[in-house]
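What's in model_28.pdb: PDB, N, CA and C atoms, pLDDT in the B column
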```pdb
ATOM      1  N   MET A  24      18.000  24.024 -78.609  1.00 52.00           N
ATOM      2  CA  MET A  24      17.853  23.568 -77.235  1.00 52.00           C
ATOM      3  C   MET A  24      16.814  22.443 -77.225  1.00 52.00           C
ATOM      4  N   HIS A  25      17.288  21.200 -77.172  1.00 79.00           N
ATOM      5  CA  HIS A  25      16.390  20.061 -77.258  1.00 79.00           C
ATOM      6  C   HIS A  25      15.605  19.804 -75.974  1.00 79.00           C
ATOM      7  N   ASN A  26      15.889  20.509 -74.913  1.00 85.00           N
ATOM      8  CA  ASN A  26      15.155  20.355 -73.652  1.00 85.00           C
ATOM      9  C   ASN A  26      14.094  21.435 -73.457  1.00 85.00           C
ATOM     10  N   GLN A  27      13.844  22.222 -74.475  1.00 89.00           N
ATOM     11  CA  GLN A  27      12.876  23.317 -74.393  1.00 89.00           C
ATOM     12  C   GLN A  27      11.491  22.825 -73.985  1.00 89.00           C
ATOM     13  N   TRP A  28      11.139  21.605 -74.363  1.00 93.00           N
ATOM     14  CA  TRP A  28       9.803  21.084 -74.094  1.00 93.00           C
ATOM     15  C   TRP A  28       9.474  21.124 -72.604  1.00 93.00           C
ATOM     16  N   VAL A  29      10.444  20.865 -71.748  1.00 94.00           N
ATOM     17  CA  VAL A  29      10.164  20.842 -70.304  1.00 94.00           C
ATOM     18  C   VAL A  29       9.816  22.246 -69.805  1.00 94.00           C
ATOM     19  N   LEU A  30      10.436  23.261 -70.390  1.00 95.00           N
ATOM     20  CA  LEU A  30      10.110  24.644 -70.026  1.00 95.00           C
ATOM     21  C   LEU A  30       8.711  25.007 -70.505  1.00 95.00           C
ATOM     22  N   ASP A  31       8.348  24.508 -71.676  1.00 95.00           N
ATOM     23  CA  ASP A  31       7.005  24.747 -72.207  1.00 95.00           C
ATOM     24  C   ASP A  31       5.938  24.097 -71.330  1.00 95.00           C
ATOM     25  N   VAL A  32       6.213  22.890 -70.854  1.00 96.00           N
ATOM     26  CA  VAL A  32       5.270  22.200 -69.964  1.00 96.00           C
ATOM     27  C   VAL A  32       5.095  22.986 -68.673  1.00 96.00           C
ATOM     28  N   MET A  33       6.200  23.469 -68.099  1.00 95.00           N
ATOM     29  CA  MET A  33       6.093  24.262 -66.869  1.00 95.00           C
ATOM     30  C   MET A  33       5.312  25.548 -67.103  1.00 95.00           C
ATOM     31  N   ALA A  34       5.494  26.174 -68.264  1.00 95.00           N
ATOM     32  CA  ALA A  34       4.738  27.390 -68.588  1.00 95.00           C
ATOM     33  C   ALA A  34       3.249  27.081 -68.686  1.00 95.00           C
ATOM     34  N   ASP A  35       2.908  25.956 -69.313  1.00 97.00           N
ATOM     35  CA  ASP A  35       1.501  25.562 -69.409  1.00 97.00           C
ATOM     36  C   ASP A  35       0.910  25.301 -68.027  1.00 97.00           C
ATOM     37  N   LEU A  36       1.666  24.638 -67.166  1.00 97.00           N
ATOM     38  CA  LEU A  36       1.196  24.383 -65.806  1.00 97.00           C
ATOM     39  C   LEU A  36       1.014  25.689 -65.031  1.00 97.00           C
ATOM     40  N   GLN A  37       1.906  26.631 -65.270  1.00 97.00           N
ATOM     41  CA  GLN A  37       1.810  27.925 -64.596  1.00 97.00           C
ATOM     42  C   GLN A  37       0.545  28.663 -65.033  1.00 97.00           C
ATOM     43  N   VAL A  38       0.235  28.634 -66.316  1.00 97.00           N
ATOM     44  CA  VAL A  38      -0.991  29.267 -66.816  1.00 97.00           C
ATOM     45  C   VAL A  38      -2.210  28.608 -66.174  1.00 97.00           C
ATOM     46  N   PHE A  39      -2.217  27.283 -66.136  1.00 98.00           N
ATOM     47  CA  PHE A  39      -3.325  26.559 -65.513  1.00 98.00           C
ATOM     48  C   PHE A  39      -3.475  26.969 -64.041  1.00 98.00           C
ATOM     49  N   ALA A  40      -2.360  27.031 -63.326  1.00 98.00           N
ATOM     50  CA  ALA A  40      -2.398  27.386 -61.905  1.00 98.00           C
ATOM     51  C   ALA A  40      -2.980  28.785 -61.712  1.00 98.00           C
ATOM     52  N   ARG A  41      -2.528  29.729 -62.510  1.00 97.00           N
ATOM     53  CA  ARG A  41      -3.048  31.105 -62.397  1.00 97.00           C
ATOM     54  C   ARG A  41      -4.552  31.170 -62.673  1.00 97.00           C
ATOM     55  N   ARG A  42      -4.976  30.480 -63.716  1.00 98.00           N
ATOM     56  CA  ARG A  42      -6.394  30.514 -64.101  1.00 98.00           C
ATOM     57  C   ARG A  42      -7.295  29.847 -63.075  1.00 98.00           C
ATOM     58  N   ASN A  43      -6.729  29.005 -62.252  1.00 98.00           N
ATOM     59  CA  ASN A  43      -7.520  28.267 -61.276  1.00 98.00           C
ATOM     60  C   ASN A  43      -7.253  28.703 -59.844  1.00 98.00           C
ATOM     61  N   GLY A  44      -6.680  29.894 -59.678  1.00 98.00           N
ATOM     62  CA  GLY A  44      -6.490  30.462 -58.350  1.00 98.00           C
ATOM     63  C   GLY A  44      -5.421  29.792 -57.516  1.00 98.00           C
ATOM     64  N   LEU A  45      -4.511  29.077 -58.159  1.00 98.00           N
ATOM     65  CA  LEU A  45      -3.428  28.407 -57.441  1.00 98.00           C
ATOM     66  C   LEU A  45      -2.182  29.302 -57.498  1.00 98.00           C
ATOM     67  N   ASP A  46      -2.270  30.423 -56.789  1.00 98.00           N
ATOM     68  CA  ASP A  46      -1.246  31.458 -56.895  1.00 98.00           C
ATOM     69  C   ASP A  46       0.126  31.018 -56.394  1.00 98.00           C
ATOM     70  N   GLU A  47       0.173  30.290 -55.303  1.00 98.00           N
ATOM     71  CA  GLU A  47       1.459  29.830 -54.770  1.00 98.00           C
ATOM     72  C   GLU A  47       2.107  28.828 -55.729  1.00 98.00           C
ATOM     73  N   LEU A  48       1.298  27.940 -56.274  1.00 98.00           N
ATOM     74  CA  LEU A  48       1.818  26.986 -57.257  1.00 98.00           C
ATOM     75  C   LEU A  48       2.357  27.720 -58.480  1.00 98.00           C
ATOM     76  N   ALA A  49       1.625  28.711 -58.948  1.00 98.00           N
ATOM     77  CA  ALA A  49       2.088  29.500 -60.093  1.00 98.00           C
ATOM     78  C   ALA A  49       3.429  30.172 -59.795  1.00 98.00           C
ATOM     79  N   ALA A  50       3.569  30.701 -58.599  1.00 97.00           N
ATOM     80  CA  ALA A  50       4.826  31.351 -58.209  1.00 97.00           C
ATOM     81  C   ALA A  50       5.970  30.343 -58.158  1.00 97.00           C
ATOM     82  N   GLN A  51       5.704  29.172 -57.615  1.00 98.00           N
ATOM     83  CA  GLN A  51       6.739  28.145 -57.535  1.00 98.00           C
ATOM     84  C   GLN A  51       7.138  27.645 -58.921  1.00 98.00           C
ATOM     85  N   LEU A  52       6.170  27.519 -59.800  1.00 97.00           N
ATOM     86  CA  LEU A  52       6.472  27.096 -61.166  1.00 97.00           C
ATOM     87  C   LEU A  52       7.321  28.136 -61.894  1.00 97.00           C
ATOM     88  N   GLU A  53       7.088  29.407 -61.593  1.00 96.00           N
ATOM     89  CA  GLU A  53       7.921  30.461 -62.172  1.00 96.00           C
ATOM     90  C   GLU A  53       9.375  30.298 -61.735  1.00 96.00           C
ATOM     91  N   LEU A  54       9.567  30.001 -60.444  1.00 97.00           N
ATOM     92  CA  LEU A  54      10.919  29.770 -59.939  1.00 97.00           C
ATOM     93  C   LEU A  54      11.534  28.526 -60.571  1.00 97.00           C
ATOM     94  N   CYS A  55      10.748  27.472 -60.678  1.00 96.00           N
ATOM     95  CA  CYS A  55      11.237  26.232 -61.300  1.00 96.00           C
ATOM     96  C   CYS A  55      11.649  26.456 -62.743  1.00 96.00           C
ATOM     97  N   ARG A  56      10.869  27.230 -63.447  1.00 96.00           N
ATOM     98  CA  ARG A  56      11.193  27.538 -64.841  1.00 96.00           C
ATOM     99  C   ARG A  56      12.505  28.300 -64.939  1.00 96.00           C
ATOM    100  N   ALA A  57      12.729  29.241 -64.021  1.00 96.00           N
ATOM    101  CA  ALA A  57      13.980  30.003 -64.019  1.00 96.00           C
ATOM    102  C   ALA A  57      15.176  29.083 -63.768  1.00 96.00           C
ATOM    103  N   VAL A  58      15.008  28.152 -62.854  1.00 96.00           N
ATOM    104  CA  VAL A  58      16.067  27.175 -62.586  1.00 96.00           C
ATOM    105  C   VAL A  58      16.304  26.315 -63.829  1.00 96.00           C
ATOM    106  N   GLY A  59      15.218  25.887 -64.453  1.00 94.00           N
ATOM    107  CA  GLY A  59      15.338  25.077 -65.662  1.00 94.00           C
ATOM    108  C   GLY A  59      16.065  25.803 -66.775  1.00 94.00           C
ATOM    109  N   VAL A  60      15.729  27.058 -66.984  1.00 94.00           N
ATOM    110  CA  VAL A  60      16.393  27.857 -68.014  1.00 94.00           C
ATOM    111  C   VAL A  60      17.895  27.928 -67.727  1.00 94.00           C
ATOM    112  N   ALA A  61      18.255  28.194 -66.482  1.00 93.00           N
ATOM    113  CA  ALA A  61      19.666  28.312 -66.122  1.00 93.00           C
ATOM    114  C   ALA A  61      20.410  26.992 -66.297  1.00 93.00           C
ATOM    115  N   GLU A  62      19.805  25.897 -65.854  1.00 92.00           N
ATOM    116  CA  GLU A  62      20.482  24.604 -65.964  1.00 92.00           C
ATOM    117  C   GLU A  62      20.610  24.160 -67.419  1.00 92.00           C
ATOM    118  N   ILE A  63      19.567  24.355 -68.188  1.00 91.00           N
ATOM    119  CA  ILE A  63      19.630  23.957 -69.596  1.00 91.00           C
ATOM    120  C   ILE A  63      20.661  24.807 -70.333  1.00 91.00           C
ATOM    121  N   ALA A  64      20.710  26.088 -70.024  1.00 90.00           N
ATOM    122  CA  ALA A  64      21.719  26.961 -70.639  1.00 90.00           C
ATOM    123  C   ALA A  64      23.121  26.500 -70.261  1.00 90.00           C
ATOM    124  N   SER A  65      23.295  26.088 -69.015  1.00 90.00           N
ATOM    125  CA  SER A  65      24.586  25.609 -68.548  1.00 90.00           C
ATOM    126  C   SER A  65      25.006  24.351 -69.302  1.00 90.00           C
ATOM    127  N   ILE A  66      24.063  23.453 -69.519  1.00 87.00           N
ATOM    128  CA  ILE A  66      24.353  22.229 -70.263  1.00 87.00           C
ATOM    129  C   ILE A  66      24.712  22.561 -71.708  1.00 87.00           C
ATOM    130  N   CYS A  67      23.954  23.473 -72.295  1.00 82.00           N
ATOM    131  CA  CYS A  67      24.185  23.853 -73.690  1.00 82.00           C
ATOM    132  C   CYS A  67      25.521  24.557 -73.878  1.00 82.00           C
ATOM    133  N   GLU A  68      25.981  25.253 -72.848  1.00 78.00           N
ATOM    134  CA  GLU A  68      27.264  25.944 -72.925  1.00 78.00           C
ATOM    135  C   GLU A  68      28.427  24.984 -72.795  1.00 78.00           C
ATOM    136  N   GLY A  69      28.143  23.738 -72.436  1.00 74.00           N
ATOM    137  CA  GLY A  69      29.187  22.723 -72.381  1.00 74.00           C
ATOM    138  C   GLY A  69      30.057  22.767 -71.146  1.00 74.00           C
ATOM    139  N   HIS A  70      29.489  23.162 -70.026  1.00 58.00           N
ATOM    140  CA  HIS A  70      30.262  23.138 -68.795  1.00 58.00           C
ATOM    141  C   HIS A  70      30.672  21.704 -68.487  1.00 58.00           C
ATOM    142  N   PRO A  71      31.921  21.465 -68.106  1.00 52.00           N
ATOM    143  CA  PRO A  71      32.387  20.111 -67.825  1.00 52.00           C
ATOM    144  C   PRO A  71      31.523  19.427 -66.770  1.00 52.00           C
ATOM    145  N   GLY A  72      31.208  18.180 -67.025  1.00 53.00           N
ATOM    146  CA  GLY A  72      30.439  17.390 -66.071  1.00 53.00           C
ATOM    147  C   GLY A  72      28.943  17.505 -66.239  1.00 53.00           C
ATOM    148  N   ASN A  73      28.475  18.401 -67.059  1.00 47.00           N
ATOM    149  CA  ASN A  73      27.033  18.594 -67.224  1.00 47.00           C
ATOM    150  C   ASN A  73      26.489  17.999 -68.509  1.00 47.00           C
ATOM    151  N   GLU A  74      27.343  17.433 -69.352  1.00 46.00           N
ATOM    152  CA  GLU A  74      26.904  16.988 -70.663  1.00 46.00           C
ATOM    153  C   GLU A  74      25.763  15.981 -70.604  1.00 46.00           C
ATOM    154  N   HIS A  75      25.811  15.069 -69.646  1.00 48.00           N
ATOM    155  CA  HIS A  75      24.815  14.003 -69.577  1.00 48.00           C
ATOM    156  C   HIS A  75      23.893  14.143 -68.384  1.00 48.00           C
ATOM    157  N   ARG A  76      24.035  15.194 -67.642  1.00 47.00           N
ATOM    158  CA  ARG A  76      23.295  15.355 -66.400  1.00 47.00           C
ATOM    159  C   ARG A  76      21.785  15.297 -66.588  1.00 47.00           C
ATOM    160  N   ALA A  77      21.263  15.932 -67.600  1.00 45.00           N
ATOM    161  CA  ALA A  77      19.816  15.967 -67.793  1.00 45.00           C
ATOM    162  C   ALA A  77      19.274  14.632 -68.296  1.00 45.00           C
ATOM    163  N   ALA A  78      20.110  13.826 -68.920  1.00 45.00           N
ATOM    164  CA  ALA A  78      19.631  12.599 -69.538  1.00 45.00           C
ATOM    165  C   ALA A  78      19.758  11.374 -68.641  1.00 45.00           C
ATOM    166  N   GLU A  79      20.646  11.416 -67.654  1.00 43.00           N
ATOM    167  CA  GLU A  79      20.901  10.244 -66.841  1.00 43.00           C
ATOM    168  C   GLU A  79      20.277  10.385 -65.457  1.00 43.00           C
ATOM    169  N   PRO A  80      19.570   9.357 -64.986  1.00 40.00           N
ATOM    170  CA  PRO A  80      19.021   9.413 -63.631  1.00 40.00           C
ATOM    171  C   PRO A  80      20.139   9.382 -62.603  1.00 40.00           C
ATOM    172  N   THR A  81      19.936  10.067 -61.488  1.00 44.00           N
ATOM    173  CA  THR A  81      20.970  10.141 -60.452  1.00 44.00           C
ATOM    174  C   THR A  81      20.872   9.005 -59.456  1.00 44.00           C
ATOM    175  N   GLY A  82      19.770   8.288 -59.449  1.00 48.00           N
ATOM    176  CA  GLY A  82      19.581   7.237 -58.473  1.00 48.00           C
ATOM    177  C   GLY A  82      18.825   7.722 -57.255  1.00 48.00           C
ATOM    178  N   ASP A  83      18.543   9.016 -57.185  1.00 50.00           N
ATOM    179  CA  ASP A  83      17.850   9.580 -56.035  1.00 50.00           C
ATOM    180  C   ASP A  83      16.338   9.506 -56.163  1.00 50.00           C
ATOM    181  N   ASP A  84      15.828   9.216 -57.330  1.00 45.00           N
ATOM    182  CA  ASP A  84      14.384   9.210 -57.565  1.00 45.00           C
ATOM    183  C   ASP A  84      13.817   7.830 -57.312  1.00 45.00           C
ATOM    184  N   PRO A  85      13.046   7.647 -56.221  1.00 44.00           N
ATOM    185  CA  PRO A  85      12.500   6.324 -55.920  1.00 44.00           C
ATOM    186  C   PRO A  85      11.586   5.800 -57.021  1.00 44.00           C
ATOM    187  N   ALA A  86      10.996   6.673 -57.809  1.00 45.00           N
ATOM    188  CA  ALA A  86      10.111   6.242 -58.879  1.00 45.00           C
ATOM    189  C   ALA A  86      10.885   5.496 -59.973  1.00 45.00           C
ATOM    190  N   LEU A  87      12.181   5.745 -60.068  1.00 42.00           N
ATOM    191  CA  LEU A  87      13.007   5.108 -61.077  1.00 42.00           C
ATOM    192  C   LEU A  87      13.668   3.838 -60.572  1.00 42.00           C
ATOM    193  N   ALA A  88      13.501   3.507 -59.312  1.00 47.00           N
ATOM    194  CA  ALA A  88      14.200   2.377 -58.706  1.00 47.00           C
ATOM    195  C   ALA A  88      13.934   1.077 -59.443  1.00 47.00           C
ATOM    196  N   GLY A  89      12.715   0.848 -59.879  1.00 47.00           N
ATOM    197  CA  GLY A  89      12.389  -0.375 -60.571  1.00 47.00           C
ATOM    198  C   GLY A  89      12.795  -0.393 -62.029  1.00 47.00           C
ATOM    199  N   GLU A  90      13.288   0.731 -62.548  1.00 43.00           N
ATOM    200  CA  GLU A  90      13.641   0.842 -63.944  1.00 43.00           C
ATOM    201  C   GLU A  90      15.070   0.365 -64.240  1.00 43.00           C
ATOM    202  N   ARG A  91      15.885   0.211 -63.227  1.00 39.00           N
ATOM    203  CA  ARG A  91      17.290  -0.147 -63.448  1.00 39.00           C
ATOM    204  C   ARG A  91      17.416  -1.644 -63.670  1.00 39.00           C
ATOM    205  N   HIS A  92      18.380  -1.999 -64.511  1.00 35.00           N
ATOM    206  CA  HIS A  92      18.614  -3.415 -64.814  1.00 35.00           C
ATOM    207  C   HIS A  92      19.935  -3.863 -64.271  1.00 35.00           C
TER     208      HIS A  92
END
```

Would you put the structure from the file into structure tokens?
Amino acid sequence: MHNQWVLDVMADLQVFARRNGLDELAAQLELCRAVGVAEIASICEGHPGNEHRAAEPTGDDPALAGERH
């Protein structure tokens, strides 16, 4: 699973949140991690239409607007 790193980052953020009393953030990160696990598993299982989903921007992220050529 080549996308495992993103789950590891979320786990690290969750640990940081817990240690610093950010309980709601920790809870939300737990939910985000669960979503990430499910989506990455779906991509790895080869569901049609998901092969490139994680790698290609959707155009909805304003931060990526200046990155397109």

As a PDB file with N, CA and C atoms, in the coordinates of the input, please: the residues near range 30-44 of chain A (cut-off 6.5 Å, only N, CA and C atoms, same-chain neighbours under 6 positions excluded).
```pdb
ATOM      1  N   LEU A  52       6.170  27.519 -59.800  1.00 97.00           N
ATOM      2  CA  LEU A  52       6.472  27.096 -61.166  1.00 97.00           C
ATOM      3  C   LEU A  52       7.321  28.136 -61.894  1.00 97.00           C
ATOM      4  N   GLU A  53       7.088  29.407 -61.593  1.00 96.00           N
ATOM      5  CA  GLU A  53       7.921  30.461 -62.172  1.00 96.00           C
ATOM      6  C   GLU A  53       9.375  30.298 -61.735  1.00 96.00           C
ATOM      7  N   ARG A  56      10.869  27.230 -63.447  1.00 96.00           N
ATOM      8  CA  ARG A  56      11.193  27.538 -64.841  1.00 96.00           C
ATOM      9  C   ARG A  56      12.505  28.300 -64.939  1.00 96.00           C
TER      10      ARG A  56
END
```

Go ahead and compute the interatomic distance for CA of Val29 in chain A and CA of Ala57 in chain A, in Å to one decimal.
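Calculated distance between CA of Val29 in chain A and CA of Ala57 in chain A is 11.7 Å.
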
If I take atom C of Ser65 in chain A and atom C of Asn26 in chain A, how far is one from the other in Å, to one decimal?
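Atom C of Asn26 in chain A lies 12.0 Å from atom C of Ser65 in chain A.
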
d(atom N of Gln27 in chain A, atom C of Glu68 in chain A) in Å:
14.9 Å
